[in-house]
Amino acid sequence: MDSVYLLNSLWVVLGAILVILMQGGFILLEAGSTRMKNAGHIAGKTIFTFGLASLIFWSVGFGFIFGDNGNFFVGLSHFFYSGYELEGMNLSSSVFFLFQLAFAGIAITIALGGFAERAKLSVYLVFTVLFSALVYPVVAHWIWGGGWLAEHGKQDFAGSTVVHLTGAMAALAATILLKPRIGKFNQDGSANNIFGHNQVFTALGVLVLWIGWFGFNAASTLGVEDGFFGYVALNTNLAAAAGAVAALLVSWAVLGKSDVPTMLNGALAGLVAITASCAFVETWAAVLIGFVAGILVFYSVRFFEKKRIDDPIYALSVHGAAGVWGTISTGFFAAPELATVGKPGLFYGGGFEQLGVQVMGVGVSGAYAFIVSFVILYAAKKLMGGLRVTEEEEIMGLDMSEHGSYGYPEVFLSKEDKISS
């Protein structure tokens, strides 16, 4: 066992740990962006669904993505993975498995953002199982598992499409079927702001995610031999920085005030956008990709509100719109010396071929994720007596209605309750 094998394994397991830590970032982000009466529920369901998604990935997800002897949709081996070594890898197969599991966990967490503040816990359970088995692995197989989009040279280094767009399209299906939260829209169609309860939590969540993204993107090199992971990390940070700055500036220019939530969304949008292209573009392009993503997320949020789509944690804009832009961007900016997958982009003389592949990949993957997620949720709605808690339970808050205890008991319990407890 040589030193390169060991170093690669150590680097990728560190990346897996950073990606799993992103679940903590999502807890802070989602809890801070929603109301206090749902905070405990949001934290708890995130841990629960990550655990559930891990078991589904171990049993069938990994095999569907990377298995041999498959069909158009999935591979058909490596189920119930026992830790055995896979051929042709320059790192521990168990480490590779754990790294890929972490990505699957992020995808379902993004998807469940569309359920926030109004879905039954039982719906989270059912959807997590079926999304983790039938939706995410199919898209991942097409692009990362040697499927038909990989054969066309689809560029998605760390998952702008595979993880972020797939999760966002599932969130879109959920928001449509669940319908808006009570009080979000008026009869004339105008939207009311339902403010999150803790902007500091939201900002800290973004910072945790930003740090975790170095595992997400840079560890996707799956090795340390040439130090290329440092370049990927550099592009990742530049795009996040540009997204944050662009979003704050555009909100300041349009609203007359520099909006903090918009700036935070801009940082995340820059990270999502660069995820596809971080290994394929030069540094100046990384800055431009992040900057455009920061502007895009500002207008995307307003677009969805005008369409009366209630997206509490902005998954559709941050992960969906920015995921689309990030994936397509490689069709413009992939540099010849960096395009180890596919072909150079349009601006480097590569013509429209790679751009066409990127657009096709976005369209087909997004459509598949949305349609299958919609069918799953529609069937669940019919078979489970609805997806949504009652109006009384929603007003009460999911902490109490779903779990029987508050995330902030000292805030909600009366003085008499405190004394008696």
# chains A, B, ... in the order shown; residues from 1 in each chain; ligands from 1

call {"tool": "residues_around", "arguments": {"residues": "A:Gly363", "least_positions_apart": "6", "cutoff": "10 Å", "atoms": "only C-alpha atoms", "output": "PDB file with C-alpha atoms, in the first residue's frame"}}
result
ATOM      1  CA  THR A 161     -26.720  19.490 -11.498  1.00  0.00           C
ATOM      2  CA  VAL A 324     -28.618  25.825 -13.873  1.00  0.00           C
ATOM      3  CA  VAL A 357     -24.435  19.146 -23.910  1.00  0.00           C
TER       4      VAL A 357
END

call {"tool": "select_by_dssp", "arguments": {"residues": "stretch 219-280 of chain A", "states": "alpha helix (DSSP H)", "output": "number ranges by chain"}}
result
A: 228-255, 260-277

call {"tool": "write_last_selection", "arguments": {"atoms": "C-alpha atoms", "output": "mmCIF file, in the first residue's frame"}}
result
data_model
loop_
_atom_site.group_PDB
_atom_site.id
_atom_site.type_symbol
_atom_site.label_atom_id
_atom_site.label_comp_id
_atom_site.auth_asym_id
_atom_site.auth_seq_id
_atom_site.Cartn_x
_atom_site.Cartn_y
_atom_site.Cartn_z
ATOM 1 C CA PHE A 228 -4.842 20.414 -8.135
ATOM 2 C CA PHE A 229 -7.277 20.415 -5.215
ATOM 3 C CA GLY A 230 -5.749 23.760 -4.193
ATOM 4 C CA TYR A 231 -6.752 25.317 -7.503
ATOM 5 C CA VAL A 232 -10.293 23.964 -7.147
ATOM 6 C CA ALA A 233 -10.484 25.416 -3.629
ATOM 7 C CA LEU A 234 -9.271 28.794 -4.911
ATOM 8 C CA ASN A 235 -11.952 28.942 -7.605
ATOM 9 C CA THR A 236 -14.562 27.899 -5.044
ATOM 10 C CA ASN A 237 -13.675 30.727 -2.674
ATOM 11 C CA LEU A 238 -13.487 33.356 -5.414
ATOM 12 C CA ALA A 239 -16.960 32.485 -6.717
ATOM 13 C CA ALA A 240 -18.486 32.573 -3.234
ATOM 14 C CA ALA A 241 -16.901 35.948 -2.554
ATOM 15 C CA ALA A 242 -18.110 37.385 -5.867
ATOM 16 C CA GLY A 243 -21.631 36.044 -5.272
ATOM 17 C CA ALA A 244 -21.862 37.665 -1.849
ATOM 18 C CA VAL A 245 -20.614 41.026 -3.105
ATOM 19 C CA ALA A 246 -22.823 41.034 -6.212
ATOM 20 C CA ALA A 247 -25.974 40.131 -4.278
ATOM 21 C CA LEU A 248 -25.424 42.821 -1.676
ATOM 22 C CA LEU A 249 -24.699 45.463 -4.322
ATOM 23 C CA VAL A 250 -27.753 44.620 -6.443
ATOM 24 C CA SER A 251 -30.052 44.643 -3.400
ATOM 25 C CA TRP A 252 -28.595 47.978 -2.320
ATOM 26 C CA ALA A 253 -29.102 49.450 -5.791
ATOM 27 C CA VAL A 254 -32.663 48.160 -6.241
ATOM 28 C CA LEU A 255 -34.043 48.337 -2.699
ATOM 29 C CA VAL A 260 -28.370 40.838 4.552
ATOM 30 C CA PRO A 261 -30.407 37.704 3.611
ATOM 31 C CA THR A 262 -29.888 38.518 -0.074
ATOM 32 C CA MET A 263 -26.141 38.817 0.485
ATOM 33 C CA LEU A 264 -26.072 35.457 2.284
ATOM 34 C CA ASN A 265 -28.033 33.847 -0.532
ATOM 35 C CA GLY A 266 -25.576 35.381 -2.982
ATOM 36 C CA ALA A 267 -22.633 33.678 -1.288
ATOM 37 C CA LEU A 268 -24.427 30.334 -1.480
ATOM 38 C CA ALA A 269 -25.445 30.942 -5.097
ATOM 39 C CA GLY A 270 -21.817 31.595 -6.006
ATOM 40 C CA LEU A 271 -20.832 28.329 -4.325
ATOM 41 C CA VAL A 272 -23.566 26.370 -6.085
ATOM 42 C CA ALA A 273 -22.694 27.875 -9.467
ATOM 43 C CA ILE A 274 -18.963 27.154 -9.254
ATOM 44 C CA THR A 275 -19.560 23.559 -8.156
ATOM 45 C CA ALA A 276 -19.916 22.330 -11.732
ATOM 46 C CA SER A 277 -17.047 24.347 -13.172
#

call {"tool": "residues_around", "arguments": {"residues": "A:Leu55", "least_positions_apart": "3", "cutoff": "12 Å", "atoms": "only C-alpha atoms", "output": "list in words"}}
result
Phe48, Thr49, Phe50, Gly51, Leu52, Trp58, Ser59, Val60, Gly61, Phe62, Phe79, Phe80, Tyr81, Leu98, Leu101, Ala102, Ala104, Gly105, Thr128, Val129, Ser132 and Ala133 of chain A

call {"tool": "atom_distance", "arguments": {"atom1": "atom CA of A:Phe280", "atom2": "atom CA of A:Ser317"}}
result
23.5 Å

call {"tool": "closest_residue", "arguments": {"among": "A:Met396, A:Ala191, A:Val139, A:Leu204", "to": "A:Lys307", "atoms": "only C-alpha atoms"}}
result
A:Ala191

call {"tool": "closest_atom_pairs", "arguments": {"of": "stretch 287-332 of chain A", "to": "stretch 115-118 of chain A", "cutoff": "12 Å", "atoms": "only C-alpha atoms", "output": "tab-separated table"}}
result
residue	atom	partner	partner_atom	distance
A:Asp310	CA	A:Ala116	CA	9.7
A:Asp311	CA	A:Ala116	CA	8.2
A:Pro312	CA	A:Ala116	CA	6.4
A:Ile313	CA	A:Ala116	CA	7.8
A:Tyr314	CA	A:Ala116	CA	10.6
A:Ala315	CA	A:Phe115	CA	10.5

call {"tool": "closest_residue", "arguments": {"among": "A:Leu149, A:Ala367, A:Leu91, A:Val206", "to": "A:Ser9", "atoms": "only C-alpha atoms"}}
result
A:Leu91

call {"tool": "residues_around", "arguments": {"residues": "stretch 345-356 of chain A", "least_positions_apart": "4", "cutoff": "6 Å", "atoms": "only C-alpha atoms", "output": "list in words"}}
result
Gly331, Phe332, Phe333 and Ala334 of chain A

call {"tool": "write_last_selection", "arguments": {"atoms": "N, CA and C atoms", "output": "compact mmCIF listing (two decimals), in the first residue's frame"}}
result
# COMPACT_ATOMS: atom_id res chain seq x y z
N GLY A 331 -20.06 25.51 -20.48
CA GLY A 331 -20.18 25.54 -21.94
C GLY A 331 -19.64 26.82 -22.55
N PHE A 332 -19.50 27.86 -21.72
CA PHE A 332 -18.89 29.11 -22.17
C PHE A 332 -17.41 29.19 -21.79
N PHE A 333 -17.07 28.76 -20.57
CA PHE A 333 -15.79 29.12 -19.97
C PHE A 333 -14.81 27.98 -19.77
N ALA A 334 -15.15 26.73 -20.09
CA ALA A 334 -14.21 25.62 -19.89
C ALA A 334 -12.95 25.86 -20.72

call {"tool": "closest_residue", "arguments": {"among": "A:Leu28, A:Leu10, A:Ile295, A:Val95", "to": "A:Gly205", "atoms": "only C-alpha atoms"}}
result
A:Leu28

call {"tool": "atom_distance", "arguments": {"atom1": "atom CA of A:Ser220", "atom2": "atom CA of A:Phe157"}}
result
7.3 Å

call {"tool": "closest_residue", "arguments": {"among": "A:Thr340, A:Ser94, A:Ser122, A:Ser82", "to": "A:Glu402", "atoms": "only C-alpha atoms"}}
result
A:Ser122

call {"tool": "decode", "arguments": {"residues": "stretch 109-140 of chain A", "atoms": "N, CA, C and O atoms", "output": "CSV table (one decimal), in the first residue's frame"}}
result
chain,number,residue,atom,x,y,z
A,109,THR,N,-31.4,16.9,1.7
A,109,THR,CA,-31.5,18.1,2.6
A,109,THR,C,-32.0,19.3,1.8
A,109,THR,O,-32.9,20.1,2.3
A,110,ILE,N,-31.4,19.5,0.6
A,110,ILE,CA,-31.9,20.6,-0.3
A,110,ILE,C,-33.3,20.4,-0.6
A,110,ILE,O,-34.1,21.3,-0.6
A,111,ALA,N,-33.7,19.2,-1.1
A,111,ALA,CA,-35.0,18.9,-1.5
A,111,ALA,C,-36.0,19.2,-0.4
A,111,ALA,O,-37.1,19.8,-0.6
A,112,LEU,N,-35.7,18.8,0.8
A,112,LEU,CA,-36.6,19.0,2.0
A,112,LEU,C,-36.8,20.4,2.4
A,112,LEU,O,-37.7,20.7,3.2
A,113,GLY,N,-35.9,21.3,1.9
A,113,GLY,CA,-36.1,22.7,2.2
A,113,GLY,C,-37.5,23.2,1.7
A,113,GLY,O,-38.1,24.1,2.2
A,114,GLY,N,-38.0,22.6,0.6
A,114,GLY,CA,-39.3,23.0,0.1
A,114,GLY,C,-40.5,22.6,0.9
A,114,GLY,O,-41.6,23.0,0.7
A,115,PHE,N,-40.2,21.7,1.9
A,115,PHE,CA,-41.3,21.3,2.8
A,115,PHE,C,-41.4,22.1,4.1
A,115,PHE,O,-42.4,21.9,4.8
A,116,ALA,N,-40.5,23.1,4.2
A,116,ALA,CA,-40.4,23.8,5.5
A,116,ALA,C,-41.6,24.4,6.1
A,116,ALA,O,-42.4,25.0,5.4
A,117,GLU,N,-41.9,24.2,7.4
A,117,GLU,CA,-42.9,24.8,8.2
A,117,GLU,C,-44.3,24.4,7.9
A,117,GLU,O,-45.2,24.9,8.5
A,118,ARG,N,-44.5,23.3,7.1
A,118,ARG,CA,-45.9,22.9,6.9
A,118,ARG,C,-46.1,21.4,6.6
A,118,ARG,O,-47.2,21.0,6.4
A,119,ALA,N,-45.0,20.6,6.4
A,119,ALA,CA,-45.2,19.2,6.0
A,119,ALA,C,-45.2,18.3,7.2
A,119,ALA,O,-44.5,18.6,8.2
A,120,LYS,N,-45.9,17.2,7.1
A,120,LYS,CA,-45.9,16.2,8.2
A,120,LYS,C,-44.5,15.5,8.2
A,120,LYS,O,-43.9,15.2,7.2
A,121,LEU,N,-44.2,15.1,9.4
A,121,LEU,CA,-42.9,14.3,9.5
A,121,LEU,C,-43.0,13.0,8.8
A,121,LEU,O,-42.0,12.6,8.2
A,122,SER,N,-44.1,12.4,8.7
A,122,SER,CA,-44.2,11.1,8.0
A,122,SER,C,-44.0,11.3,6.5
A,122,SER,O,-43.5,10.4,5.9
A,123,VAL,N,-44.3,12.5,6.0
A,123,VAL,CA,-44.0,12.7,4.6
A,123,VAL,C,-42.5,12.9,4.3
A,123,VAL,O,-42.0,12.4,3.3
A,124,TYR,N,-41.8,13.5,5.3
A,124,TYR,CA,-40.3,13.6,5.2
A,124,TYR,C,-39.8,12.2,5.1
A,124,TYR,O,-38.9,11.9,4.3
A,125,LEU,N,-40.3,11.3,5.9
A,125,LEU,CA,-39.8,9.9,6.0
A,125,LEU,C,-40.0,9.2,4.6
A,125,LEU,O,-39.0,8.7,4.0
A,126,VAL,N,-41.2,9.2,4.1
A,126,VAL,CA,-41.5,8.5,2.9
A,126,VAL,C,-40.7,9.1,1.7
A,126,VAL,O,-40.1,8.4,0.9
A,127,PHE,N,-40.7,10.4,1.6
A,127,PHE,CA,-40.0,11.1,0.5
A,127,PHE,C,-38.5,10.9,0.5
A,127,PHE,O,-37.9,10.7,-0.5
A,128,THR,N,-37.9,10.9,1.7
A,128,THR,CA,-36.5,10.7,1.8
A,128,THR,C,-36.1,9.3,1.3
A,128,THR,O,-35.1,9.1,0.5
A,129,VAL,N,-36.9,8.3,1.7
A,129,VAL,CA,-36.6,6.9,1.2
A,129,VAL,C,-36.7,6.9,-0.3
A,129,VAL,O,-35.8,6.4,-1.0
A,130,LEU,N,-37.8,7.4,-0.9
A,130,LEU,CA,-38.0,7.2,-2.4
A,130,LEU,C,-37.1,8.1,-3.2
A,130,LEU,O,-36.6,7.8,-4.2
A,131,PHE,N,-36.9,9.4,-2.7
A,131,PHE,CA,-35.9,10.3,-3.4
A,131,PHE,C,-34.5,9.7,-3.4
A,131,PHE,O,-33.8,9.7,-4.5
A,132,SER,N,-34.1,9.1,-2.3
A,132,SER,CA,-32.8,8.6,-2.2
A,132,SER,C,-32.6,7.3,-3.0
A,132,SER,O,-31.4,6.9,-3.3
A,133,ALA,N,-33.7,6.7,-3.3
A,133,ALA,CA,-33.6,5.4,-4.1
A,133,ALA,C,-33.9,5.6,-5.6
A,133,ALA,O,-33.3,5.0,-6.4
A,134,LEU,N,-34.8,6.5,-5.9
A,134,LEU,CA,-35.3,6.6,-7.3
A,134,LEU,C,-35.0,7.9,-8.0
A,134,LEU,O,-35.1,7.9,-9.2
A,135,VAL,N,-34.6,8.9,-7.3
A,135,VAL,CA,-34.4,10.2,-8.0
A,135,VAL,C,-32.9,10.5,-8.0
A,135,VAL,O,-32.3,10.5,-9.1
A,136,TYR,N,-32.3,10.8,-6.9
A,136,TYR,CA,-30.9,11.1,-6.9
A,136,TYR,C,-30.0,10.1,-7.6
A,136,TYR,O,-29.1,10.5,-8.4
A,137,PRO,N,-30.1,8.8,-7.3
A,137,PRO,CA,-29.1,7.9,-7.9
A,137,PRO,C,-29.2,7.8,-9.4
A,137,PRO,O,-28.2,7.6,-10.1
A,138,VAL,N,-30.4,8.1,-10.0
A,138,VAL,CA,-30.5,8.0,-11.5
A,138,VAL,C,-29.8,9.2,-12.1
A,138,VAL,O,-29.0,9.0,-13.0
A,139,VAL,N,-30.0,10.4,-11.6
A,139,VAL,CA,-29.2,11.5,-12.2
A,139,VAL,C,-27.7,11.4,-12.0
A,139,VAL,O,-26.9,11.6,-12.8
A,140,ALA,N,-27.4,10.9,-10.7
A,140,ALA,CA,-25.9,10.7,-10.5
A,140,ALA,C,-25.3,9.7,-11.4
A,140,ALA,O,-24.2,9.8,-11.8
